[in-house]
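Coordinates from coords-v2.pdb are shown below (PDB, C-alpha atoms).
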```pdb
ATOM      1  CA  HIS W1133       0.000   0.000   0.000  1.00  0.00           C
ATOM      2  CA  PHE W1134       1.105   3.551  -0.704  1.00  0.00           C
ATOM      3  CA  PHE W1135      -0.089   6.640   1.089  1.00  0.00           C
ATOM      4  CA  GLY W1136       0.576  10.023  -0.448  1.00  0.00           C
ATOM      5  CA  LEU W1137      -0.607  13.613  -0.683  1.00  0.00           C
ATOM      6  CA  ASN W1138      -1.629  15.182  -3.971  1.00  0.00           C
ATOM      7  CA  GLU W1139      -3.061  18.584  -4.909  1.00  0.00           C
ATOM      8  CA  HIS W1140      -6.626  17.407  -4.083  1.00  0.00           C
ATOM      9  CA  GLY W1141      -5.885  15.959  -0.650  1.00  0.00           C
ATOM     10  CA  TYR W1142      -4.866  12.553   0.596  1.00  0.00           C
ATOM     11  CA  GLU W1143      -4.757   9.668  -1.819  1.00  0.00           C
ATOM     12  CA  PHE W1144      -4.565   5.957  -1.064  1.00  0.00           C
ATOM     13  CA  GLU W1145      -3.099   3.649  -3.675  1.00  0.00           C
ATOM     14  CA  ASP W1146      -3.163  -0.133  -3.634  1.00  0.00           C
ATOM     15  CA  PHE W1147      -0.818  -2.632  -5.217  1.00  0.00           C
ATOM     16  CA  TYR W1148      -1.859  -6.265  -5.610  1.00  0.00           C
ATOM     17  CA  ILE W1149       0.292  -9.161  -6.780  1.00  0.00           C
ATOM     18  CA  SER W1150      -1.319 -12.572  -7.221  1.00  0.00           C
ATOM     19  CA  GLN W1151       0.154 -15.869  -6.150  1.00  0.00           C
ATOM     20  CA  PRO W1152       2.615 -17.124  -8.785  1.00  0.00           C
ATOM     21  CA  MET W1153       1.506 -19.959 -11.067  1.00  0.00           C
ATOM     22  CA  TYR W1154       4.118 -22.226 -12.611  1.00  0.00           C
ATOM     23  CA  TYR W1155       3.588 -24.194 -15.834  1.00  0.00           C
ATOM     24  CA  GLN W1156       5.419 -26.857 -17.858  1.00  0.00           C
ATOM     25  CA  ASN W1157       7.759 -28.131 -15.144  1.00  0.00           C
ATOM     26  CA  LYS W1158       8.390 -24.588 -13.814  1.00  0.00           C
ATOM     27  CA  GLU W1159       9.484 -23.382 -17.259  1.00  0.00           C
ATOM     28  CA  TYR W1160       6.911 -20.535 -17.176  1.00  0.00           C
ATOM     29  CA  LEU W1161       5.833 -18.239 -14.329  1.00  0.00           C
ATOM     30  CA  ILE W1162       2.596 -16.252 -14.575  1.00  0.00           C
ATOM     31  CA  PHE W1163       1.065 -13.762 -12.126  1.00  0.00           C
ATOM     32  CA  THR W1164      -1.137 -10.671 -12.149  1.00  0.00           C
ATOM     33  CA  PHE W1165      -0.228  -7.185 -10.957  1.00  0.00           C
ATOM     34  CA  SER W1166      -2.869  -4.550 -10.165  1.00  0.00           C
ATOM     35  CA  HIS W1167      -2.432  -0.930  -9.207  1.00  0.00           C
ATOM     36  CA  GLY W1168      -4.923   1.839  -8.589  1.00  0.00           C
ATOM     37  CA  SER W1169      -6.326   4.542  -6.383  1.00  0.00           C
ATOM     38  CA  VAL W1170      -8.632   3.629  -3.493  1.00  0.00           C
ATOM     39  CA  PHE W1171      -9.505   7.162  -2.344  1.00  0.00           C
ATOM     40  CA  PRO W1172     -10.598   8.913  -4.389  1.00  0.00           C
ATOM     41  CA  PRO W1173     -11.818   5.834  -6.294  1.00  0.00           C
ATOM     42  CA  LEU W1174     -10.193   6.096  -9.691  1.00  0.00           C
ATOM     43  CA  GLU W1175      -9.118   3.646 -12.343  1.00  0.00           C
ATOM     44  CA  TYR W1176      -7.391   0.349 -11.603  1.00  0.00           C
ATOM     45  CA  ALA W1177      -4.872  -1.158 -14.005  1.00  0.00           C
ATOM     46  CA  THR W1178      -4.286  -4.912 -14.124  1.00  0.00           C
ATOM     47  CA  ARG W1179      -1.548  -6.693 -16.047  1.00  0.00           C
ATOM     48  CA  ILE W1180      -0.756 -10.367 -16.575  1.00  0.00           C
ATOM     49  CA  ILE W1181       3.014 -10.862 -16.364  1.00  0.00           C
ATOM     50  CA  ILE W1182       4.687 -13.887 -18.003  1.00  0.00           C
ATOM     51  CA  TYR W1183       8.239 -15.078 -17.359  1.00  0.00           C
ATOM     52  CA  LYS W1184      10.109 -17.881 -19.127  1.00  0.00           C
ATOM     53  CA  LYS W1185      13.175 -19.694 -17.852  1.00  0.00           C
ATOM     54  CA  LYS W1186      16.235 -18.972 -20.049  1.00  0.00           C
ATOM     55  CA  ASN W1187      19.709 -20.175 -19.115  1.00  0.00           C
ATOM     56  CA  GLY W1188      18.454 -21.093 -15.638  1.00  0.00           C
ATOM     57  CA  LYS W1189      16.957 -17.638 -14.929  1.00  0.00           C
ATOM     58  CA  LEU W1190      13.399 -16.377 -15.204  1.00  0.00           C
ATOM     59  CA  VAL W1191      13.150 -13.606 -17.821  1.00  0.00           C
ATOM     60  CA  GLN W1192      10.049 -11.479 -18.424  1.00  0.00           C
ATOM     61  CA  THR W1193       8.681 -12.212 -21.893  1.00  0.00           C
ATOM     62  CA  HIS W1194       5.151 -10.737 -22.025  1.00  0.00           C
ATOM     63  CA  ILE W1195       2.848  -8.248 -20.352  1.00  0.00           C
ATOM     64  CA  GLY W1196      -0.827  -8.717 -21.146  1.00  0.00           C
ATOM     65  CA  ILE W1197      -3.835  -6.510 -20.487  1.00  0.00           C
ATOM     66  CA  PRO W1198      -6.851  -8.668 -19.601  1.00  0.00           C
ATOM     67  CA  ASN W1199     -10.052  -8.041 -21.495  1.00  0.00           C
ATOM     68  CA  TRP W1200     -12.509  -8.001 -18.585  1.00  0.00           C
ATOM     69  CA  ILE W1201     -14.473  -5.535 -16.506  1.00  0.00           C
ATOM     70  CA  SER W1202     -15.468  -6.302 -12.952  1.00  0.00           C
TER      71      SER W1202
END
```
For the structure just supplied, provide its representation as structure tokens.
Amino acid sequence: HFFGLNEHGYEFEDFYISQPMYYQNKEYLIFTFSHGSVFPPLEYATRIIIYKKKNGKLVQTHIGIPNWIS
């Protein structure tokens, strides 16, 4: 969580990271990252982050924007 002061008053921002999901014998790592303002309630941004193991290290390969509204 982040707490800051902007020109309109206090603003609360949230950061959410999902539990990691591993696929294909831990060759791929996928999780979601969300960020947005809680007060005042503004837009939230969610991304799906994908990592692939290369040379024994996980390297980010894709960032996806989900096509859903909740």
(request) Take the PyMOL selection byres ((chain W and resi 1184) around 6), apply it to the structure above, and return the hits as a PyMOL selection string. (result) chain W and resi 1159-1160+1183+1185+1190-1191
(request) Tell me which residues the PyMOL selection byres ((chain W and resi 1164) around 10) grabs here, as a PyMOL selection string. (result) chain W and resi 1148-1153+1162-1163+1165-1166+1178-1182+1195-1198
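What separates CA of Gly1168 in chain W from CA of Phe1147 in chain W is a distance of 6.9 Å.
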Size and centre in Å, one decimal, axis-aligned box, all listed range 1181-1197 of chain W atoms plus 4 Å per side, as JSON:
```
{"center_x": 7.9, "center_y": -13.8, "center_z": -18.5, "size_x": 31.5, "size_y": 22.6, "size_z": 15.1}
```
